[in-house]
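> What follows is a structure written as C-alpha cells; I'll ask about it next.
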Amino acid sequence: MSAEPNRGIRLNKFLASCDVGSRRGCEEFIRTGRVEINGDIVTDLSRRVLPDDHVKFDGKLLQKKTPLTLALNKPVKYLCTRDDPQGRKTIYDLIPKKFSGLHYIGRLDYQSSGLIMMTNCGELTEHLSHPRFHVEKEYVVHLDRPFDSVETQKLLDGIHLSEGLAKAESLNFETRRRLRMVLTQGYNRQIRRMFSKLGYKVKRLERVRIGSLVLPGLSTGDYQILNHAQIESARTSTLAS
C-alpha cells in the first residue's frame with residue numbers, strides 16, 4: 001500500500017539524505033528497481049517514506065544521516081582528495097576523523113587556497129556544483145605581470161578549452177596584477193588555463209565566495225560548521241546586497 005500523499009518525505013529526497021546520490025540520480029535508481037520499501041521494490045517516483053518504513057538500496061538498509069556541512073579555509077599544498085598515492089597532505093588531514101565521511105563541493109587545485117564546503121548532503125552538492133544552477137564562485141587572482149584591460153572582454157566572451165567555452169561572469173580590478181573573477185562553471189584549473197591562453201601566469205589563487213557565502217573569518221587550515229542560514233546563503237546565485 002502506498003503512503004498517504006501528504007505524509008512522510010519523497011523517496012528521492014530520502015535517498016539523497018542517505019548520501020545515495022543527487023535527487024535526480026536517485027530517481028533513476030528508483031526507476032530501475034534498485035530501491036525497496038518494507039521488502040517491496042518501488043518504482044513509483046511519487047512514493048513517500050514514512051518514519052517507520054525500512055528502505056533498502058541494492059539490498060542495504062538505509063538510515064537518514066544528520067545533515068552536516070562545514071566551510072574549510074584550504075591552504076596551498078593540500079589536495080582535494082581522500083588519499084594521495086604520493087603521500088601529500090589532503091583536506092581530510094585538516095578535519096576530525098569523525099567528519100571523514102563528508103565529501104567536498106568543488107575542488108581547488110594543489111596550489112590554490114580558500115573556501116571549500118564539505119557536506120554529507122548529495123542534493124546540496126549537486127545544487128552548488130552543476131552549472132545549470134548558476135551559483136557564483138568568486139576568486140582573487142594574482143598574476144605574474146600587469147593585466148592588459150583590453151583583454152578583459154576575451155575572458156567575458158569565453159576562452160576555448162578542451163571541455164568547452166570557459167567564461168568569466170565578471171572581472172574587477174583591485175590592481176592590474178590583482179583581480180576578482182566570478183565563475184559559474186567549474187572546469188579543471190579553469191582560471192589558470194584561461195589566463196595562460198592569454199599569456200599570463202596565475203601566481204596565487206584564492207576562492208573567497210560561494211553564492212552569497214563569503215569565506216568566514218577562519219585562519220588558514222581551520223574549519224567551521226555552518227548553520228542553516230549560512231548553507232542557504234551558499235545556494236543563492238549572487239552576492240546579497
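Chains: A, B, ... in order of the C-alpha cells. Residues: from 1 per chain. Ligands: from 1, in order shown.
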Skip segment 177-179 of chain A itself and residues of its chain fewer than 6 positions away, then list as an mmCIF file with C-alpha atoms, in the first residue's frame all residues within 9 Å of it, counting only C-alpha atoms.

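Done, and the output landed in around_35.cif:
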data_model
loop_
_atom_site.group_PDB
_atom_site.id
_atom_site.type_symbol
_atom_site.label_atom_id
_atom_site.label_comp_id
_atom_site.auth_asym_id
_atom_site.auth_seq_id
_atom_site.Cartn_x
_atom_site.Cartn_y
_atom_site.Cartn_z
ATOM 1 C CA TYR A 139 38.191 34.208 -6.738
ATOM 2 C CA VAL A 140 41.032 36.603 -6.018
ATOM 3 C CA VAL A 141 43.623 36.161 -8.757
ATOM 4 C CA HIS A 142 47.252 37.338 -8.541
ATOM 5 C CA LEU A 143 49.059 37.495 -11.891
ATOM 6 C CA ASP A 144 52.743 37.433 -12.759
ATOM 7 C CA ARG A 145 52.511 40.732 -14.656
ATOM 8 C CA PRO A 146 50.065 43.618 -15.129
ATOM 9 C CA PHE A 147 46.890 42.639 -16.957
ATOM 10 C CA LEU A 171 36.085 40.640 -13.729
#
> What are the closest atom pairs, with distances in Å to one decimal, for each residue of segment 89-124 of chain A lying within 12 Å of segment 8-20 of chain A, using only C-alpha atoms, rows by chain and rising residue number, as JSON lines?

{"residue": "A:Gly101", "atom": "CA", "partner": "A:Asp19", "partner_atom": "CA", "distance": 9.8}
{"residue": "A:Leu102", "atom": "CA", "partner": "A:Asp19", "partner_atom": "CA", "distance": 9.6}
{"residue": "A:His103", "atom": "CA", "partner": "A:Asp19", "partner_atom": "CA", "distance": 9.8}
{"residue": "A:Thr119", "atom": "CA", "partner": "A:Asp19", "partner_atom": "CA", "distance": 9.8}
{"residue": "A:Asn120", "atom": "CA", "partner": "A:Asp19", "partner_atom": "CA", "distance": 6.3}
{"residue": "A:Cys121", "atom": "CA", "partner": "A:Ser17", "partner_atom": "CA", "distance": 5.9}
{"residue": "A:Gly122", "atom": "CA", "partner": "A:Ala16", "partner_atom": "CA", "distance": 5.5}
{"residue": "A:Glu123", "atom": "CA", "partner": "A:Ala16", "partner_atom": "CA", "distance": 6.2}
{"residue": "A:Leu124", "atom": "CA", "partner": "A:Ala16", "partner_atom": "CA", "distance": 9.4}
> Output N, CA and C atoms for every residue in that selection, as a short mmCIF file (atom, residue, chain, number, x, y, z; two decimals), in the first residue's frame.

data_model
loop_
_atom_site.label_atom_id
_atom_site.label_comp_id
_atom_site.auth_asym_id
_atom_site.auth_seq_id
_atom_site.Cartn_x
_atom_site.Cartn_y
_atom_site.Cartn_z
N GLY A 101 33.54 11.18 6.49
CA GLY A 101 32.52 10.78 5.53
C GLY A 101 31.99 11.91 4.68
N LEU A 102 32.36 13.14 5.00
CA LEU A 102 31.90 14.28 4.20
C LEU A 102 32.62 14.30 2.85
N HIS A 103 31.90 14.78 1.83
CA HIS A 103 32.56 14.98 0.54
C HIS A 103 32.64 16.47 0.25
N THR A 119 30.24 18.39 2.87
CA THR A 119 28.90 18.06 3.31
C THR A 119 28.61 16.57 3.16
N ASN A 120 27.53 16.12 3.80
CA ASN A 120 27.02 14.77 3.57
C ASN A 120 25.69 14.81 2.82
N CYS A 121 25.38 15.98 2.24
CA CYS A 121 24.11 16.18 1.54
C CYS A 121 24.35 16.15 0.03
N GLY A 122 23.90 15.09 -0.63
CA GLY A 122 24.07 14.97 -2.07
C GLY A 122 23.35 16.04 -2.84
N GLU A 123 22.16 16.41 -2.37
CA GLU A 123 21.37 17.43 -3.08
C GLU A 123 22.07 18.78 -3.05
N LEU A 124 22.67 19.14 -1.91
CA LEU A 124 23.40 20.40 -1.81
C LEU A 124 24.61 20.38 -2.73
#
> For Thr43 of chain A, work out the shell of residues within 12 Å, counting only C-alpha atoms and skipping chain neighbours fewer than 2 positions away, then give it as a list in words.
Ser2, Leu11, Asn12, Cys26, Glu27, Glu28, Phe29, Ile30, Arg31, Thr32, Gly33, Arg34, Val35, Glu36, Ile37, Asp40, Ile41, Leu45, Ser46, Arg47 and Arg48 of chain A
> Please provide the set of residues having any atom within 8 Å of His127 of chain A, restricted to only C-alpha atoms, with same-chain residues fewer than 6 positions apart removed, written as a PyMOL selection string.
chain A and resi 133+135+235
> Going by DSSP on the backbone, which residues of segment 34-185 of chain A come out as strand (DSSP E or B)? List them as an MDAnalysis selection string.
chainID A and resid 35:37 40:41 48:49 55:57 60:61 69:74 79 90 103:105 113:119 137:143 159:161 164:166 170:173 178:183
> Would you save the residues of that selection, restricted to N, CA and C atoms, as a compact mmCIF listing (two decimals), in the first residue's frame?

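Done, and the output landed in again-v6.txt:
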# COMPACT_ATOMS: atom_id res chain seq x y z
N VAL A 35 15.50 0.09 -5.46
CA VAL A 35 15.06 0.57 -4.15
C VAL A 35 13.88 -0.27 -3.65
N GLU A 36 13.93 -0.65 -2.38
CA GLU A 36 12.84 -1.38 -1.74
C GLU A 36 12.33 -0.60 -0.53
N ILE A 37 11.04 -0.70 -0.31
CA ILE A 37 10.44 -0.18 0.92
C ILE A 37 9.66 -1.32 1.56
N ASP A 40 9.34 -4.48 -0.54
CA ASP A 40 8.77 -4.40 -1.89
C ASP A 40 9.58 -3.44 -2.76
N ILE A 41 9.89 -3.86 -3.98
CA ILE A 41 10.57 -2.97 -4.93
C ILE A 41 9.62 -1.85 -5.31
N ARG A 48 6.33 8.15 -1.01
CA ARG A 48 6.88 8.86 0.14
C ARG A 48 7.30 7.87 1.22
N VAL A 49 8.28 8.27 2.00
CA VAL A 49 8.82 7.42 3.06
C VAL A 49 8.30 7.89 4.40
N VAL A 55 13.84 1.21 4.30
CA VAL A 55 14.21 1.45 2.90
C VAL A 55 15.57 0.82 2.64
N LYS A 56 15.64 0.06 1.54
CA LYS A 56 16.90 -0.56 1.14
C LYS A 56 17.29 -0.09 -0.26
N PHE A 57 18.60 0.08 -0.45
CA PHE A 57 19.15 0.39 -1.76
C PHE A 57 20.16 -0.70 -2.10
N LYS A 60 20.81 -2.97 0.77
CA LYS A 60 21.39 -2.46 2.01
C LYS A 60 20.41 -1.50 2.69
N LEU A 61 20.16 -1.75 3.98
CA LEU A 61 19.25 -0.91 4.73
C LEU A 61 19.84 0.49 4.90
N THR A 69 27.26 20.25 7.23
CA THR A 69 28.03 20.96 6.21
C THR A 69 29.00 21.89 6.91
N LEU A 70 30.21 21.93 6.44
CA LEU A 70 31.20 22.83 7.03
C LEU A 70 31.93 23.61 5.94
N ALA A 71 32.51 24.72 6.36
CA ALA A 71 33.37 25.53 5.48
C ALA A 71 34.80 25.37 5.98
N LEU A 72 35.71 25.18 5.02
CA LEU A 72 37.12 25.00 5.32
C LEU A 72 37.93 26.04 4.57
N ASN A 73 38.89 26.65 5.24
CA ASN A 73 39.80 27.58 4.59
C ASN A 73 41.03 26.78 4.16
N LYS A 74 40.99 26.30 2.92
CA LYS A 74 42.04 25.40 2.42
C LYS A 74 43.37 26.15 2.23
N LEU A 79 45.69 18.69 -1.11
CA LEU A 79 44.90 18.17 -2.21
C LEU A 79 43.45 17.98 -1.82
N THR A 90 46.15 16.09 2.40
CA THR A 90 44.84 16.35 1.79
C THR A 90 43.98 17.15 2.77
N HIS A 103 31.90 14.78 1.83
CA HIS A 103 32.56 14.98 0.54
C HIS A 103 32.64 16.47 0.25
N TYR A 104 33.62 16.85 -0.52
CA TYR A 104 33.87 18.27 -0.80
C TYR A 104 33.06 18.71 -2.02
N ILE A 105 32.77 20.00 -2.06
CA ILE A 105 31.99 20.57 -3.16
C ILE A 105 32.91 21.49 -3.95
N SER A 113 44.03 28.20 -2.76
CA SER A 113 43.56 28.24 -1.38
C SER A 113 42.15 28.81 -1.32
N GLY A 114 41.60 28.80 -0.09
CA GLY A 114 40.32 29.47 0.13
C GLY A 114 39.17 28.56 0.48
N LEU A 115 37.98 29.03 0.17
CA LEU A 115 36.74 28.43 0.65
C LEU A 115 36.43 27.10 -0.03
N ILE A 116 36.34 26.06 0.79
CA ILE A 116 35.85 24.74 0.37
C ILE A 116 34.69 24.38 1.29
N MET A 117 33.56 23.96 0.71
CA MET A 117 32.47 23.43 1.51
C MET A 117 32.51 21.91 1.48
N MET A 118 32.23 21.29 2.62
CA MET A 118 32.20 19.84 2.73
C MET A 118 30.88 19.45 3.37
N THR A 119 30.24 18.39 2.87
CA THR A 119 28.90 18.06 3.31
C THR A 119 28.61 16.57 3.16
N LYS A 137 30.92 31.55 -7.98
CA LYS A 137 32.11 31.37 -7.14
C LYS A 137 33.06 32.51 -7.47
N GLU A 138 33.53 33.21 -6.43
CA GLU A 138 34.39 34.37 -6.64
C GLU A 138 35.81 34.05 -6.18
N TYR A 139 36.78 34.49 -6.98
CA TYR A 139 38.19 34.21 -6.74
C TYR A 139 39.01 35.49 -6.78
N VAL A 140 40.03 35.55 -5.93
CA VAL A 140 41.03 36.60 -6.02
C VAL A 140 42.22 36.01 -6.77
N VAL A 141 42.60 36.67 -7.86
CA VAL A 141 43.62 36.16 -8.76
C VAL A 141 44.82 37.10 -8.76
N HIS A 142 46.01 36.57 -8.48
CA HIS A 142 47.25 37.34 -8.54
C HIS A 142 48.03 36.89 -9.78
N LEU A 143 48.37 37.81 -10.65
CA LEU A 143 49.06 37.49 -11.89
C LEU A 143 50.55 37.81 -11.81
N ILE A 159 36.93 31.71 -23.34
CA ILE A 159 38.19 31.17 -23.84
C ILE A 159 37.95 29.68 -24.15
N HIS A 160 38.35 29.25 -25.32
CA HIS A 160 38.12 27.86 -25.71
C HIS A 160 39.10 26.92 -25.00
N LEU A 161 38.54 26.01 -24.20
CA LEU A 161 39.30 24.94 -23.58
C LEU A 161 38.81 23.61 -24.15
N GLY A 164 35.17 22.92 -23.38
CA GLY A 164 34.15 23.83 -23.89
C GLY A 164 34.58 25.28 -23.74
N LEU A 165 33.62 26.18 -23.86
CA LEU A 165 33.89 27.61 -23.77
C LEU A 165 33.89 28.04 -22.30
N ALA A 166 35.04 28.45 -21.81
CA ALA A 166 35.19 28.85 -20.40
C ALA A 166 35.02 30.36 -20.30
N SER A 170 32.16 37.89 -14.38
CA SER A 170 32.58 39.28 -14.16
C SER A 170 34.05 39.30 -13.82
N LEU A 171 34.66 40.46 -14.01
CA LEU A 171 36.08 40.64 -13.73
C LEU A 171 36.27 42.06 -13.22
N ASN A 172 36.82 42.19 -12.01
CA ASN A 172 37.03 43.50 -11.42
C ASN A 172 38.49 43.62 -10.98
N PHE A 173 39.04 44.82 -11.17
CA PHE A 173 40.44 45.06 -10.88
C PHE A 173 40.60 45.68 -9.49
N ARG A 178 46.19 42.19 -9.52
CA ARG A 178 45.28 41.53 -8.57
C ARG A 178 43.84 41.78 -9.03
N LEU A 179 43.14 40.69 -9.38
CA LEU A 179 41.80 40.77 -9.94
C LEU A 179 40.83 39.94 -9.12
N ARG A 180 39.56 40.29 -9.25
CA ARG A 180 38.49 39.45 -8.69
C ARG A 180 37.68 38.91 -9.86
N MET A 181 37.57 37.60 -9.92
CA MET A 181 36.92 36.93 -11.05
C MET A 181 35.79 36.04 -10.54
N VAL A 182 34.66 36.10 -11.19
CA VAL A 182 33.48 35.31 -10.81
C VAL A 182 33.18 34.30 -11.90
N LEU A 183 32.99 33.04 -11.50
CA LEU A 183 32.64 31.95 -12.41
C LEU A 183 31.34 31.30 -11.97
> What does the structure give for the distance between atom CA of Lys154 of chain A and atom CA of Val202 of chain A, in Å to one decimal?
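A separation of 16.7 Å between them.
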> One decimal, in Å: what's the spacing between atom CA of Gly106 of chain A and atom CA of Ser129 of chain A?
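One can read the atom CA of Gly106 of chain A to atom CA of Ser129 of chain A distance as 6.3 Å.
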> Can you work out which one of A:Gly158, A:Pro96, A:Pro75, A:Pro85 has the shortest atom-to-atom distance to Leu205 of chain A, counting only C-alpha atoms?
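Going through A:Gly158, A:Pro96, A:Pro75, A:Pro85 one by one, the smallest distance to Leu205 of chain A is for A:Pro75.
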> Just checking: using only C-alpha atoms, which residue out of A:Val76, A:Leu50, A:Val42, A:Met194 ends up closest to Glu206 of chain A?
A:Val76
> Which one is closest to Asp58 of chain A: A:Gly39, A:Val214, A:Arg107, A:Glu169? Count only C-alpha atoms.
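Using only C-alpha atoms, Asp58 of chain A sits closest to A:Gly39.
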> Among segment 33-106 of chain A, which residues carry a DSSP assignment of helix (DSSP H, G or I), reported as a PyMOL selection string?
chain A and resi 91-93+97-99
> Identify which of the residues A:Val208, A:Ile91, A:Leu128, A:Leu226 lies closest to Tyr110 of chain A, counting only C-alpha atoms when measuring atom-to-atom distances.
A:Ile91
> Find the distance between atom CA of Asp44 of chain A and atom CA of Gly21 of chain A and write it in Å to one decimal.
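For atom CA of Asp44 of chain A relative to atom CA of Gly21 of chain A, the distance reads 17.6 Å.
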> Pick from A:Gln224, A:Gln190, A:Gln230, A:Ser22: nearest to Ser212 of chain A, with only C-alpha atoms counted?
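Looking at the shortest contact to Ser212 of chain A, the residue is A:Gln230.
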